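> This is the structure I want to talk about, given as structure tokens.
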Amino acid sequence: MNRSAQFLYRFKMMMIGDNNVGKSCILKRYTEGLYPERCVTIGISLCNHILEVEPGVRVNLQIWDTAGHESFWSAICPSIRQTAGCMLVFDLGDRASFNYIKYRHMEVCNIVQPYTVLFMLVGHKCDREKRKVNQDEVEEFASELGAPYIEASAKTGHNVAEAFELLTRRIYQGYLSGEVRLHESWEKIHNK
Ligand SMILES: Nc1nc2c(ncn2[C@@H]2O[C@H](COP(=O)(O)OP(=O)(O)OP(=O)(O)O)[C@@H](O)[C@H]2O)c(=O)[nH]1
């Protein structure tokens with residue numbers, strides 16, 4: 001079977017979050033079932049994963065993991081324009097990381113204009129007791145964005161697959177409803 005016959009769509013999605021919130025560990029857990037403790041991202045890295053959104057509809061997820069360090073942001077921006085979905089990741093035990101995704105959300109919306117990116121929020125490291133972000137305020141922010149919210153842990157594996165599935169279904173539904181559209185020079189969603 002040739003590669004293009006293995007899936008019907010390709011969705012580009014990007015993981016955005018402050019330094020050290022655990023983006024790379026989430027991705028590693030999802031794609032390889034591993035928890036590496038630390039995997040520093042320089043700039044941006046890419047992973048492919050196939051997911052079935054409904055029986056017979058296989059999607060190739062092209063997942064871009066970005067470095068949280070400020071110095072990489074300008075290098076990441078051009079890739080954001082070609083993204084269908086953004087996973088905004090923050091650390092439930094780090095208030096500054098929640099403020100970071102609020103700020104980055106606004107930036108992403110400005111960068112992609114006049115197009116749309118669909119968001120989801122991940123409150124990460126939920127295995128720990130320490131919490132600095134109140135659940136009500138996250139849910140309020142998620143509802144402002146019309147974005148699903150989930151709490152996950154790469155360490156235990158809790159809700160990691162669910163997070164990617166939620167975002168994929170959000171993009172798929174957005175595509176079916178016309179909320180996000182194909183555009184000639186905009187390779188967010190590809191048929192094969
Ligand atoms: N308690 C806990 N710690 C985690 C979890 N996931 C990752 N960590 C820790 O968080 C730290 C940062 O993880 P990374 O995946 O490298 O973070 P990142 O967001 O990709 O960081 P940058 O590449 O610098 O942007 C590491 O020390 C991990 O061990 C988790 O689910 N629970």
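Identifiers for the structure tokens are assigned positionally: chains receive A, B, ... in sequence, residues are indexed from 1 per chain, and ligands are indexed from 1 in the order shown.
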Could you pull the residues within 8 Å of A:Ala163, counting only C-alpha atoms, minus those fewer than 4 positions along the same chain, as a list in words?
Val122, Ile150, Ala152, Asn159 and Leu167 of chain A
> Kindly compile the residues surrounding ligand 1 within 6 Å, counting only C-alpha atoms and all ligand atoms, and format them as a ChimeraX atom specification.
/A:18-25,37-41,67-69,125,127-128,153-155
> Given the selection you just returned, output its residues as a file containing N, CA and C atoms, formatted as a compact mmCIF listing (two decimals), in the first residue's frame.

```txt
# COMPACT_ATOMS: atom_id res chain seq x y z
N ASP A 18 4.78 27.28 27.44
CA ASP A 18 6.01 27.82 28.01
C ASP A 18 7.08 26.73 28.13
N ASN A 19 8.28 27.18 28.26
CA ASN A 19 9.42 26.35 28.57
C ASN A 19 9.09 25.38 29.70
N ASN A 20 9.38 24.10 29.54
CA ASN A 20 9.32 23.16 30.67
C ASN A 20 7.92 22.70 31.09
N VAL A 21 6.89 23.03 30.33
CA VAL A 21 5.55 22.59 30.75
C VAL A 21 5.31 21.10 30.43
N GLY A 22 6.20 20.54 29.58
CA GLY A 22 6.11 19.10 29.31
C GLY A 22 5.56 18.73 27.95
N LYS A 23 5.63 19.65 26.99
CA LYS A 23 5.09 19.39 25.64
C LYS A 23 5.74 18.17 24.99
N SER A 24 7.06 18.13 25.04
CA SER A 24 7.77 17.03 24.37
C SER A 24 7.47 15.70 25.05
N CYS A 25 7.33 15.72 26.36
CA CYS A 25 7.01 14.47 27.07
C CYS A 25 5.61 13.98 26.69
N GLU A 37 11.44 11.80 30.84
CA GLU A 37 11.86 12.77 31.87
C GLU A 37 12.21 14.13 31.27
N ARG A 38 13.08 14.16 30.27
CA ARG A 38 13.43 15.45 29.69
C ARG A 38 13.81 15.27 28.24
N CYS A 39 13.24 16.07 27.35
CA CYS A 39 13.70 16.06 25.96
C CYS A 39 13.61 17.48 25.44
N VAL A 40 14.70 18.17 25.51
CA VAL A 40 14.75 19.59 25.13
C VAL A 40 14.48 19.76 23.64
N THR A 41 13.59 20.70 23.32
CA THR A 41 13.30 20.99 21.91
C THR A 41 14.05 22.24 21.48
N ALA A 67 9.54 24.76 20.78
CA ALA A 67 10.32 25.09 21.98
C ALA A 67 9.64 26.25 22.69
N GLY A 68 9.54 26.16 24.02
CA GLY A 68 8.86 27.22 24.76
C GLY A 68 9.72 28.46 24.94
N HIS A 69 11.01 28.33 24.77
CA HIS A 69 11.88 29.47 25.03
C HIS A 69 11.59 30.61 24.04
N LYS A 125 0.60 17.88 33.90
CA LYS A 125 1.24 17.42 35.15
C LYS A 125 0.20 17.27 36.26
N ASP A 127 -0.65 14.78 37.70
CA ASP A 127 -0.24 13.77 38.69
C ASP A 127 0.26 14.40 39.98
N ARG A 128 0.60 15.71 39.91
CA ARG A 128 1.16 16.35 41.11
C ARG A 128 0.07 16.99 41.98
N SER A 153 -1.43 13.92 32.11
CA SER A 153 -0.09 13.70 32.66
C SER A 153 0.70 12.77 31.75
N ALA A 154 1.81 13.27 31.24
CA ALA A 154 2.68 12.41 30.43
C ALA A 154 3.33 11.36 31.32
N LYS A 155 3.51 11.71 32.58
CA LYS A 155 4.18 10.79 33.50
C LYS A 155 3.37 9.51 33.70
```
> Find the residue from A:Phe119, A:Tyr149, A:Phe164, A:Phe141 that sits nearest to A:Ile63; use only C-alpha atoms when measuring.
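When distances to A:Ile63 are compared using only C-alpha atoms, the smallest one comes from A:Phe164.
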> Tell me which of A:Thr116, A:Asn134, A:Ile80, A:Ser71 sits closest to A:Leu92, counting only C-alpha atoms.
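Between A:Thr116, A:Asn134, A:Ile80, A:Ser71, the residue approaching A:Leu92 most closely is A:Asn134.
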> State, in Å with one decimal place, the distance from atom CA of A:Gln135 to atom CA of A:Asp65.
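Going from atom CA of A:Gln135 over to atom CA of A:Asp65, I get 25.2 Å.
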